[in-house]
file query_10.tsv (TSV, C-alpha atoms and all ligand atoms)
chain	number	residue	atom	x	y	z
N	1	MET	CA	-54.86	97.86	26.17
N	2	ASP	CA	-54.16	96.64	22.65
N	3	ILE	CA	-54.40	93.01	21.46
N	4	PHE	CA	-53.05	91.89	18.09
N	5	TYR	CA	-51.58	88.89	16.30
N	6	ASN	CA	-48.02	88.92	14.99
N	7	ARG	CA	-46.78	85.31	15.08
N	8	GLY	CA	-48.15	85.23	18.62
N	9	ILE	CA	-50.96	86.97	20.49
N	10	TYR	CA	-49.56	90.23	21.86
N	11	VAL	CA	-51.06	92.29	24.66
N	12	VAL	CA	-49.69	95.79	25.09
N	13	SER	CA	-50.65	98.33	27.72
N	14	ASP	CA	-48.86	101.22	29.43
N	15	ARG	CA	-47.99	98.93	32.33
N	16	VAL	CA	-47.16	95.60	30.76
N	17	LYS	CA	-46.42	93.83	27.49
N	18	PHE	CA	-46.65	90.08	26.99
N	19	VAL	CA	-47.23	87.51	24.30
N	20	VAL	CA	-49.23	84.28	24.30
N	21	ASP	CA	-47.96	81.33	22.22
N	22	PRO	CA	-45.31	83.01	20.05
N	23	THR	CA	-44.28	81.05	16.96
N	24	GLY	CA	-41.37	83.20	15.81
N	25	SER	CA	-39.07	85.84	17.14
N	26	VAL	CA	-40.38	87.57	20.24
N	27	GLY	CA	-40.23	91.34	20.59
N	28	ASP	CA	-39.68	93.30	23.76
N	29	VAL	CA	-42.01	91.64	26.31
N	30	ASP	CA	-42.14	91.25	30.10
N	31	PHE	CA	-43.09	87.55	29.87
N	32	VAL	CA	-44.38	84.80	27.60
N	33	LEU	CA	-47.47	82.68	28.33
N	34	VAL	CA	-47.49	79.25	26.67
N	35	THR	CA	-50.76	77.29	26.58
N	36	HIS	CA	-49.23	74.00	25.34
N	37	GLY	CA	-46.25	72.55	23.49
N	38	HIS	CA	-47.52	72.13	19.91
N	39	SER	CA	-45.22	73.59	17.25
N	40	ASP	CA	-47.76	76.21	16.18
N	41	HIS	CA	-47.78	77.66	19.73
N	42	VAL	CA	-44.10	77.81	20.66
N	43	SER	CA	-40.74	79.00	19.39
N	44	ARG	CA	-37.12	78.60	20.38
N	45	GLN	CA	-36.75	82.38	20.42
N	46	MET	CA	-39.04	82.71	23.44
N	47	TYR	CA	-36.23	81.16	25.53
N	48	ARG	CA	-34.71	84.63	25.87
N	49	HIS	CA	-37.67	85.64	28.06
N	50	THR	CA	-39.45	84.46	31.21
N	51	VAL	CA	-41.74	81.64	30.10
N	52	VAL	CA	-44.93	80.62	31.94
N	53	ALA	CA	-46.17	77.07	31.29
N	54	THR	CA	-47.19	73.81	32.99
N	55	ARG	CA	-44.75	71.09	34.03
N	56	GLU	CA	-45.97	68.89	31.15
N	57	THR	CA	-45.47	71.69	28.62
N	58	PHE	CA	-41.93	72.36	29.89
N	59	SER	CA	-41.23	68.60	29.55
N	60	ALA	CA	-42.54	68.66	25.97
N	61	LEU	CA	-40.41	71.73	25.19
N	62	ALA	CA	-37.34	69.91	26.52
N	63	VAL	CA	-38.00	67.10	24.02
N	64	LYS	CA	-38.69	69.50	21.16
N	65	PHE	CA	-35.86	71.98	21.71
N	66	GLY	CA	-33.36	69.87	23.67
N	67	GLY	CA	-33.74	71.87	26.89
N	68	MET	CA	-36.10	74.01	28.94
N	69	PRO	CA	-36.23	77.83	28.94
N	70	PRO	CA	-33.72	79.13	31.52
N	71	ARG	CA	-36.30	81.44	33.17
N	72	ARG	CA	-39.41	79.39	33.95
N	73	VAL	CA	-42.59	79.98	35.93
N	74	GLU	CA	-44.33	76.64	36.38
N	75	VAL	CA	-48.11	76.73	36.71
N	76	ALA	CA	-51.00	74.27	36.94
N	77	PRO	CA	-54.77	74.48	36.48
N	78	GLY	CA	-56.40	76.11	39.50
N	79	ARG	CA	-53.44	78.36	40.26
N	80	VAL	CA	-53.47	82.16	40.35
N	81	LEU	CA	-50.22	84.11	40.16
N	82	GLU	CA	-49.05	87.67	39.84
N	83	LEU	CA	-46.35	88.63	37.36
N	84	ASP	CA	-45.19	92.21	36.81
N	85	GLY	CA	-48.31	93.44	38.61
N	86	VAL	CA	-50.65	91.39	36.38
N	87	GLN	CA	-52.97	88.73	37.78
N	88	ILE	CA	-53.02	85.46	35.87
N	89	ALA	CA	-55.40	82.58	36.58
N	90	VAL	CA	-54.76	79.17	35.05
N	91	PHE	CA	-57.46	76.75	33.81
N	92	GLU	CA	-57.56	73.29	32.23
N	93	ALA	CA	-57.85	73.46	28.41
N	94	GLY	CA	-58.56	69.76	27.78
N	95	HIS	CA	-56.53	69.74	24.55
N	96	ILE	CA	-53.42	67.65	25.35
N	97	LEU	CA	-51.60	66.71	28.56
N	98	GLY	CA	-50.67	69.92	30.36
N	99	SER	CA	-52.61	72.29	28.08
N	100	VAL	CA	-54.09	75.32	29.86
N	101	MET	CA	-56.05	78.53	29.30
N	102	TYR	CA	-55.00	81.84	30.89
N	103	LEU	CA	-57.32	84.48	32.34
N	104	VAL	CA	-55.38	87.72	32.61
N	105	GLU	CA	-56.45	91.04	34.06
N	106	VAL	CA	-54.88	94.11	32.49
N	107	ASP	CA	-56.18	97.68	33.12
N	108	GLY	CA	-59.28	96.19	34.78
N	109	VAL	CA	-60.11	94.14	31.66
N	110	GLN	CA	-60.41	90.37	32.07
N	111	THR	CA	-59.19	88.53	28.98
N	112	LEU	CA	-59.30	84.76	28.54
N	113	PHE	CA	-56.78	83.18	26.16
N	114	THR	CA	-58.01	79.67	25.38
N	115	GLY	CA	-55.08	78.37	23.34
N	116	ASP	CA	-56.31	75.15	21.74
N	117	PHE	CA	-59.09	73.70	23.87
N	118	ASN	CA	-61.53	70.82	24.02
N	119	THR	CA	-64.86	70.99	25.84
N	120	VAL	CA	-65.01	67.18	25.80
N	121	GLY	CA	-62.89	65.19	28.23
N	122	SER	CA	-60.64	62.30	27.16
N	123	ILE	CA	-58.95	59.36	28.88
N	124	LEU	CA	-56.00	61.72	29.51
N	125	THR	CA	-57.49	65.18	30.05
N	126	GLU	CA	-60.43	66.81	31.79
N	127	ALA	CA	-62.80	68.87	29.65
N	128	ALA	CA	-62.25	72.62	29.32
N	129	GLU	CA	-65.02	74.52	31.11
N	130	PRO	CA	-66.08	78.16	30.70
N	131	VAL	CA	-64.51	80.20	33.50
N	132	GLY	CA	-67.47	82.54	34.00
N	133	LYS	CA	-68.06	85.95	32.52
N	134	VAL	CA	-65.07	87.54	30.81
N	135	ASP	CA	-64.62	90.90	29.06
N	136	VAL	CA	-62.56	89.69	26.11
N	137	LEU	CA	-62.35	86.13	24.82
N	138	VAL	CA	-59.42	85.24	22.55
N	139	MET	CA	-60.40	81.80	21.27
N	140	GLU	CA	-59.07	79.26	18.81
N	141	ALA	CA	-61.06	78.48	15.65
N	142	THR	CA	-59.29	75.36	14.33
N	143	TYR	CA	-62.66	73.69	13.64
N	144	GLY	CA	-64.68	76.91	13.50
N	145	ASP	CA	-66.83	75.72	10.60
N	146	PRO	CA	-70.34	74.23	10.95
N	147	ALA	CA	-69.22	71.15	8.97
N	148	TYR	CA	-67.22	69.96	11.99
N	149	ARG	CA	-69.37	68.01	14.42
N	150	PHE	CA	-67.46	65.33	16.27
N	151	PRO	CA	-69.06	62.03	17.24
N	152	ASN	CA	-69.23	60.90	20.86
N	153	ARG	CA	-65.67	60.26	22.06
N	154	ALA	CA	-66.43	56.85	23.61
N	155	GLU	CA	-67.83	55.74	20.24
N	156	VAL	CA	-64.70	56.96	18.48
N	157	TYR	CA	-62.53	55.05	20.98
N	158	ASN	CA	-64.60	51.92	20.34
N	159	GLN	CA	-64.29	52.36	16.58
N	160	LEU	CA	-60.50	52.61	16.85
N	161	LEU	CA	-60.27	49.57	19.13
N	162	GLU	CA	-62.64	47.53	17.01
N	163	VAL	CA	-60.94	48.28	13.66
N	164	THR	CA	-57.46	47.69	15.15
N	165	GLU	CA	-58.55	44.37	16.65
N	166	ARG	CA	-60.22	43.18	13.45
N	167	VAL	CA	-57.46	44.20	11.04
N	168	SER	CA	-54.56	43.04	13.25
N	169	ARG	CA	-55.78	39.45	12.87
N	170	GLU	CA	-54.78	39.68	9.19
N	171	GLY	CA	-51.51	41.63	9.47
N	172	GLY	CA	-49.71	44.70	10.79
N	173	VAL	CA	-51.57	47.89	11.71
N	174	ALA	CA	-50.03	51.37	11.84
N	175	ILE	CA	-51.96	54.12	13.60
N	176	ALA	CA	-50.86	57.64	12.67
N	177	ALA	CA	-51.27	60.10	15.55
N	178	TYR	CA	-49.63	63.46	16.19
N	179	PRO	CA	-46.57	62.68	18.41
N	180	LEU	CA	-47.48	65.20	21.12
N	181	GLY	CA	-51.07	64.82	22.30
N	182	LYS	CA	-53.00	62.34	20.20
N	183	ALA	CA	-50.20	59.75	20.38
N	184	GLN	CA	-50.32	59.67	24.22
N	185	GLU	CA	-54.08	59.23	24.08
N	186	VAL	CA	-53.85	56.35	21.61
N	187	THR	CA	-50.96	54.77	23.57
N	188	LYS	CA	-53.07	54.85	26.71
N	189	LEU	CA	-56.13	53.50	24.88
N	190	LEU	CA	-54.32	50.54	23.29
N	191	GLY	CA	-52.13	49.77	26.32
N	192	ALA	CA	-49.63	46.95	25.90
N	193	ARG	CA	-51.10	46.00	22.51
N	194	ALA	CA	-49.23	48.73	20.61
N	195	GLY	CA	-45.61	49.63	20.06
N	196	VAL	CA	-44.64	53.23	19.39
N	197	HIS	CA	-42.32	54.96	16.91
N	198	LYS	CA	-39.21	56.48	18.53
N	199	SER	CA	-40.42	60.07	17.96
N	200	ILE	CA	-43.49	59.21	20.05
N	201	ALA	CA	-41.58	57.21	22.68
N	202	ARG	CA	-39.61	60.37	23.58
N	203	TYR	CA	-42.78	62.32	24.38
N	204	ASN	CA	-44.40	59.35	26.11
N	205	SER	CA	-41.49	58.92	28.48
N	206	ALA	CA	-41.19	62.70	29.14
N	207	LEU	CA	-44.89	62.76	30.03
N	208	GLY	CA	-44.93	59.56	32.09
N	209	ILE	CA	-47.03	57.51	29.66
N	210	SER	CA	-45.82	53.91	29.50
N	211	SER	CA	-45.55	52.54	25.98
N	212	GLY	CA	-46.50	48.94	25.21
N	213	GLY	CA	-44.28	46.36	23.54
N	214	GLY	CA	-46.44	46.02	20.46
N	215	ASP	CA	-47.38	42.96	18.51
N	216	GLY	CA	-48.06	44.02	14.94
N	217	VAL	CA	-49.70	47.26	16.06
N	218	LEU	CA	-47.53	50.38	15.83
N	219	ILE	CA	-48.32	54.02	16.62
N	220	VAL	CA	-46.50	56.28	14.15
N	221	PRO	CA	-46.19	60.08	13.82
N	222	SER	CA	-47.68	60.08	10.30
N	223	VAL	CA	-48.87	57.56	7.69
N	224	ARG	CA	-45.54	58.04	5.89
N	225	HIS	CA	-43.90	56.21	8.79
N	226	ALA	CA	-46.10	53.10	8.44
N	227	PRO	CA	-44.03	49.96	7.74
N	228	ALA	CA	-44.58	48.51	4.26
N	229	GLY	CA	-47.64	46.29	4.04
N	230	TYR	CA	-49.21	47.61	7.25
N	231	PHE	CA	-52.88	48.65	7.28
N	232	LYS	CA	-52.92	52.43	7.80
N	233	ILE	CA	-55.24	54.20	10.24
N	234	GLU	CA	-55.08	57.94	10.88
N	235	VAL	CA	-56.75	59.67	13.84
N	236	SER	CA	-57.65	63.32	13.25
N	237	GLY	CA	-60.56	65.70	13.63
N	238	TRP	CA	-60.29	66.43	9.90
N	239	HIS	CA	-61.79	62.99	9.24
N	240	ALA	CA	-65.13	64.16	10.64
N	241	VAL	CA	-65.99	65.36	7.12
N	242	GLY	CA	-65.11	62.31	5.08
N	243	GLY	CA	-62.70	59.43	4.74
N	244	ALA	CA	-58.98	59.84	4.37
N	245	GLY	CA	-58.63	58.04	1.01
N	246	ASN	CA	-55.32	56.89	-0.46
N	247	GLY	CA	-55.50	53.59	1.39
N	248	VAL	CA	-55.80	55.31	4.77
N	249	TYR	CA	-58.64	54.57	7.18
N	250	GLY	CA	-59.62	57.85	8.87
N	251	ILE	CA	-61.03	58.01	12.40
N	252	PRO	CA	-62.40	61.38	13.63
N	253	LEU	CA	-60.55	61.63	16.95
N	254	SER	CA	-60.01	65.30	17.74
N	255	ASP	CA	-58.31	67.09	20.61
N	256	HIS	CA	-60.12	70.33	19.76
N	257	SER	CA	-63.72	71.44	20.35
N	258	ASP	CA	-66.05	71.05	17.40
N	259	TYR	CA	-68.06	73.96	15.99
N	260	GLY	CA	-70.94	73.50	18.44
N	261	GLY	CA	-68.50	73.29	21.35
N	262	LEU	CA	-66.82	76.53	20.28
N	263	LEU	CA	-70.13	78.42	20.01
N	264	GLU	CA	-71.36	77.12	23.35
N	265	PHE	CA	-68.11	78.04	25.08
N	266	ALA	CA	-68.27	81.59	23.68
N	267	LEU	CA	-71.93	82.01	24.72
N	268	GLU	CA	-71.25	80.82	28.26
N	269	SER	CA	-68.35	83.27	28.60
N	270	SER	CA	-70.69	86.27	27.91
N	271	PRO	CA	-67.83	88.29	26.43
N	272	LYS	CA	-68.09	91.93	25.36
N	273	LEU	CA	-65.66	91.10	22.55
N	274	VAL	CA	-64.34	87.91	20.94
N	275	TYR	CA	-61.17	87.62	18.89
N	276	THR	CA	-60.81	84.39	16.91
N	277	VAL	CA	-57.42	82.96	15.94
N	278	TYR	CA	-56.12	79.93	13.97
N	279	GLY	CA	-58.07	77.75	11.50
N	280	PHE	CA	-61.50	79.01	10.43
N	281	ALA	CA	-61.09	82.30	12.34
N	282	GLU	CA	-63.14	84.37	9.89
N	283	ARG	CA	-65.95	81.84	9.67
N	284	LEU	CA	-66.25	81.36	13.42
N	285	ALA	CA	-66.32	85.13	13.99
N	286	GLY	CA	-69.15	85.38	11.43
N	287	GLY	CA	-71.07	82.58	13.17
N	288	LEU	CA	-70.70	84.31	16.53
N	289	ARG	CA	-71.86	87.66	15.11
N	290	LYS	CA	-75.04	85.94	13.87
N	291	MET	CA	-75.67	84.97	17.48
N	292	GLY	CA	-75.35	88.60	18.54
N	293	ILE	CA	-71.78	88.40	19.87
N	294	ARG	CA	-69.28	91.07	18.85
N	295	ALA	CA	-66.61	88.87	17.23
N	296	TYR	CA	-63.75	89.44	14.81
N	297	ARG	CA	-60.71	87.64	13.56
N	298	ILE	CA	-57.81	88.89	15.71
N	299	PRO	CA	-56.26	91.95	14.00
N	300	PRO	CA	-52.64	92.33	12.90
N	301	PRO	CA	-50.54	95.04	14.57
N	302	LEU	CA	-51.46	98.62	13.65
N	303	PHE	CA	-47.84	99.56	13.04
N	304	ILE	CA	-45.21	97.16	11.80
B	401	ZN	ZN	-52.49	72.25	19.82
call {"tool": "encode", "arguments": {"input": "query_10.tsv", "output": "structure tokens"}}
result
Amino acid sequence: MDIFYNRGIYVVSDRVKFVVDPTGSVGDVDFVLVTHGHSDHVSRQMYRHTVVATRETFSALAVKFGGMPPRRVEVAPGRVLELDGVQIAVFEAGHILGSVMYLVEVDGVQTLFTGDFNTVGSILTEAAEPVGKVDVLVMEATYGDPAYRFPNRAEVYNQLLEVTERVSREGGVAIAAYPLGKAQEVTKLLGARAGVHKSIARYNSALGISSGGGDGVLIVPSVRHAPAGYFKIEVSGWHAVGGAGNGVYGIPLSDHSDYGGLLEFALESSPKLVYTVYGFAERLAGGLRKMGIRAYRIPPPLFI
């Protein structure tokens, strides 16, 4: 079995070939596994193949691409299925609504693909939990740098509520949150107090999150969409290492695991091999090697 990254995580064996989270054109594969609907994990070209994803991810894809893949296999956390003779178990990833991890057995090797994951639960998602011992762990490294330590989530929620409440007495408040994921969390947190930008309303309604009417508080896809004169807040894990600047108030709300969460998850999976992907892939692999785990940034294909 060979695993490599080529705008998607490819797994190739004599018996089966599949890709996890392709972002470009998809080669000759038996099926596509999609962990969640963020743009850096999906592509329109995967629609030519059988796509495995959760109901929420298919709904998000319909918003993003104007329709669902014609050949769909709908899954949910806790389910186990067999596709082309390969066993696939599905687990909660805790990243955004409908995000999952896949444990796949190929040639007797158990490989866990985490996609983006969060080991801390939120008001919308359960926490991702280690699934037990695996042979190979292919894990994300978005915040795979020791600088990223996220504060307690309840405290972050309180900070957002408190700042919004205080500032909205003086004037309008715009909260910038990524339209798929963070925006649903902030919508749920603020309830009827906040209105939402139309790009967010589309995802909210596809995912069954009711948007409030808003009274001077608006959730926007980015600070560029803040109405003139509004106080700007941005929620992002990147703000864990310093303020946003440029008149933007940064709040460190992340839908990924922090560095400690990533290390702990890898340790508890007792893998024989770890491949890191996305973000600080090199740095996280180095950190894991220091802990005695065989870890490398996921390799490119041997032959292109
Ligand atoms: Zn993501």
call {"tool": "residues_around", "arguments": {"input": "query_10.tsv", "residues": "Pro227 (chain N)", "least_positions_apart": "4", "cutoff": "10 Å", "atoms": "all atoms listed in the file", "output": "PyMOL selection string"}}
result
chain N and resi 172-174+218+220+223+231-232
call {"tool": "closest_residue", "arguments": {"input": "query_10.tsv", "among": "N:Gly208, N:Gly214, N:Gly66, N:Gly37", "to": "ligand ZN 401 (chain B)", "atoms": "only C-alpha atoms and all ligand atoms"}}
result
N:Gly37
call {"tool": "atom_distance", "arguments": {"input": "query_10.tsv", "atom1": "CA of Ser222 (chain N)", "atom2": "CA of Leu161 (chain N)"}}
result
18.6 Å
call {"tool": "atom_distance", "arguments": {"input": "query_10.tsv", "atom1": "CA of Leu112 (chain N)", "atom2": "CA of Ala154 (chain N)"}}
result
29.2 Å
call {"tool": "closest_residue", "arguments": {"input": "query_10.tsv", "among": "N:Ala141, N:Val156, N:Val86, N:Val217", "to": "ligand ZN 401 (chain B)", "atoms": "all atoms listed in the file"}}
result
N:Ala141
call {"tool": "atom_distance", "arguments": {"input": "query_10.tsv", "atom1": "CA of Gly132 (chain N)", "atom2": "CA of Glu282 (chain N)"}}
result
24.6 Å
call {"tool": "residues_near_ligand", "arguments": {"input": "query_10.tsv", "ligand": "ligand ZN 401 (chain B)", "cutoff": "7 Å", "atoms": "all atoms listed in the file", "output": "VMD selection string"}}
result
chain N and resid 36 38 95 116
call {"tool": "write_last_selection", "arguments": {"input": "query_10.tsv", "atoms": "C-alpha atoms", "output": "PDB file, in the frame of the given file"}}
result
ATOM      1  CA  HIS N  36     -49.230  74.000  25.340  1.00  0.00           C
ATOM      2  CA  HIS N  38     -47.520  72.130  19.910  1.00  0.00           C
ATOM      3  CA  HIS N  95     -56.530  69.740  24.550  1.00  0.00           C
ATOM      4  CA  ASP N 116     -56.310  75.150  21.740  1.00  0.00           C
TER       5      ASP N 116
END
call {"tool": "closest_residue", "arguments": {"input": "query_10.tsv", "among": "N:Ser254, N:Thr187, N:Asn246, N:Thr50", "to": "Arg153 (chain N)", "atoms": "only C-alpha atoms"}}
result
N:Ser254
call {"tool": "closest_residue", "arguments": {"input": "query_10.tsv", "among": "N:Arg202, N:Arg294, N:Arg169, N:Arg149", "to": "Leu262 (chain N)", "atoms": "all atoms listed in the file"}}
result
N:Arg149
call {"tool": "residues_around", "arguments": {"input": "query_10.tsv", "residues": "Ala127 (chain N)", "least_positions_apart": "3", "cutoff": "7 Å", "atoms": "only C-alpha atoms", "output": "list in words"}}
result
Ala93, Gly94, Asn118, Thr119, Val120 and Gly121 of chain N
call {"tool": "closest_residue", "arguments": {"input": "query_10.tsv", "among": "N:Gly250, N:Pro22, N:Gly261, N:Gly213", "to": "Tyr47 (chain N)", "atoms": "all atoms listed in the file"}}
result
N:Pro22
call {"tool": "residues_near_point", "arguments": {"input": "query_10.tsv", "point": "(-41.3, 87.5, 33.1)", "cutoff": "10 Å", "atoms": "all atoms listed in the file", "output": "PyMOL selection string"}}
result
chain N and resi 17-18+29-33+49-52+71-73+83-84
call {"tool": "closest_residue", "arguments": {"input": "query_10.tsv", "among": "N:Gly67, N:Gly171, N:Gly237, N:Gly181", "to": "Gly216 (chain N)", "atoms": "all atoms listed in the file"}}
result
N:Gly171
call {"tool": "residues_around", "arguments": {"input": "query_10.tsv", "residues": "Asn204 (chain N)", "least_positions_apart": "3", "cutoff": "9 Å", "atoms": "only C-alpha atoms", "output": "list of chain:residue names"}}
result
N:Pro179, N:Leu180, N:Ala183, N:Gln184, N:Thr187, N:Ile200, N:Ala201, N:Leu207, N:Gly208, N:Ile209, N:Ser210, N:Ser211
call {"tool": "closest_atom_pairs", "arguments": {"input": "query_10.tsv", "of": "region 93-181 of chain N", "to": "region 1-12 of chain N", "cutoff": "10 Å", "atoms": "all atoms listed in the file", "output": "CSV"}}
result
residue,atom,partner,partner_atom,distance
N:Val106,CA,N:Met1,CA,7.3
N:Asp107,CA,N:Met1,CA,7.1
N:Gly108,CA,N:Met1,CA,9.8
N:Val109,CA,N:Met1,CA,8.5
N:Thr111,CA,N:Val11,CA,9.9
N:Phe113,CA,N:Ile9,CA,9.0
N:Gly115,CA,N:Ile9,CA,10.0
N:Val136,CA,N:Ile3,CA,10.0
N:Val138,CA,N:Ile9,CA,8.9
call {"tool": "write_last_selection", "arguments": {"input": "query_10.tsv", "atoms": "C-alpha atoms", "output": "PDB file, in the frame of the given file"}}
result
ATOM      1  CA  VAL N 106     -54.880  94.110  32.490  1.00  0.00           C
ATOM      2  CA  ASP N 107     -56.180  97.680  33.120  1.00  0.00           C
ATOM      3  CA  GLY N 108     -59.280  96.190  34.780  1.00  0.00           C
ATOM      4  CA  VAL N 109     -60.110  94.140  31.660  1.00  0.00           C
ATOM      5  CA  THR N 111     -59.190  88.530  28.980  1.00  0.00           C
ATOM      6  CA  PHE N 113     -56.780  83.180  26.160  1.00  0.00           C
ATOM      7  CA  GLY N 115     -55.080  78.370  23.340  1.00  0.00           C
ATOM      8  CA  VAL N 136     -62.560  89.690  26.110  1.00  0.00           C
ATOM      9  CA  VAL N 138     -59.420  85.240  22.550  1.00  0.00           C
TER      10      VAL N 138
END
call {"tool": "residues_around", "arguments": {"input": "query_10.tsv", "residues": "Asn158 (chain N)", "least_positions_apart": "5", "cutoff": "12 Å", "atoms": "all atoms listed in the file", "output": "ChimeraX atom specification"}}
result
/N:151-153,163-166,186,189-190,251-253
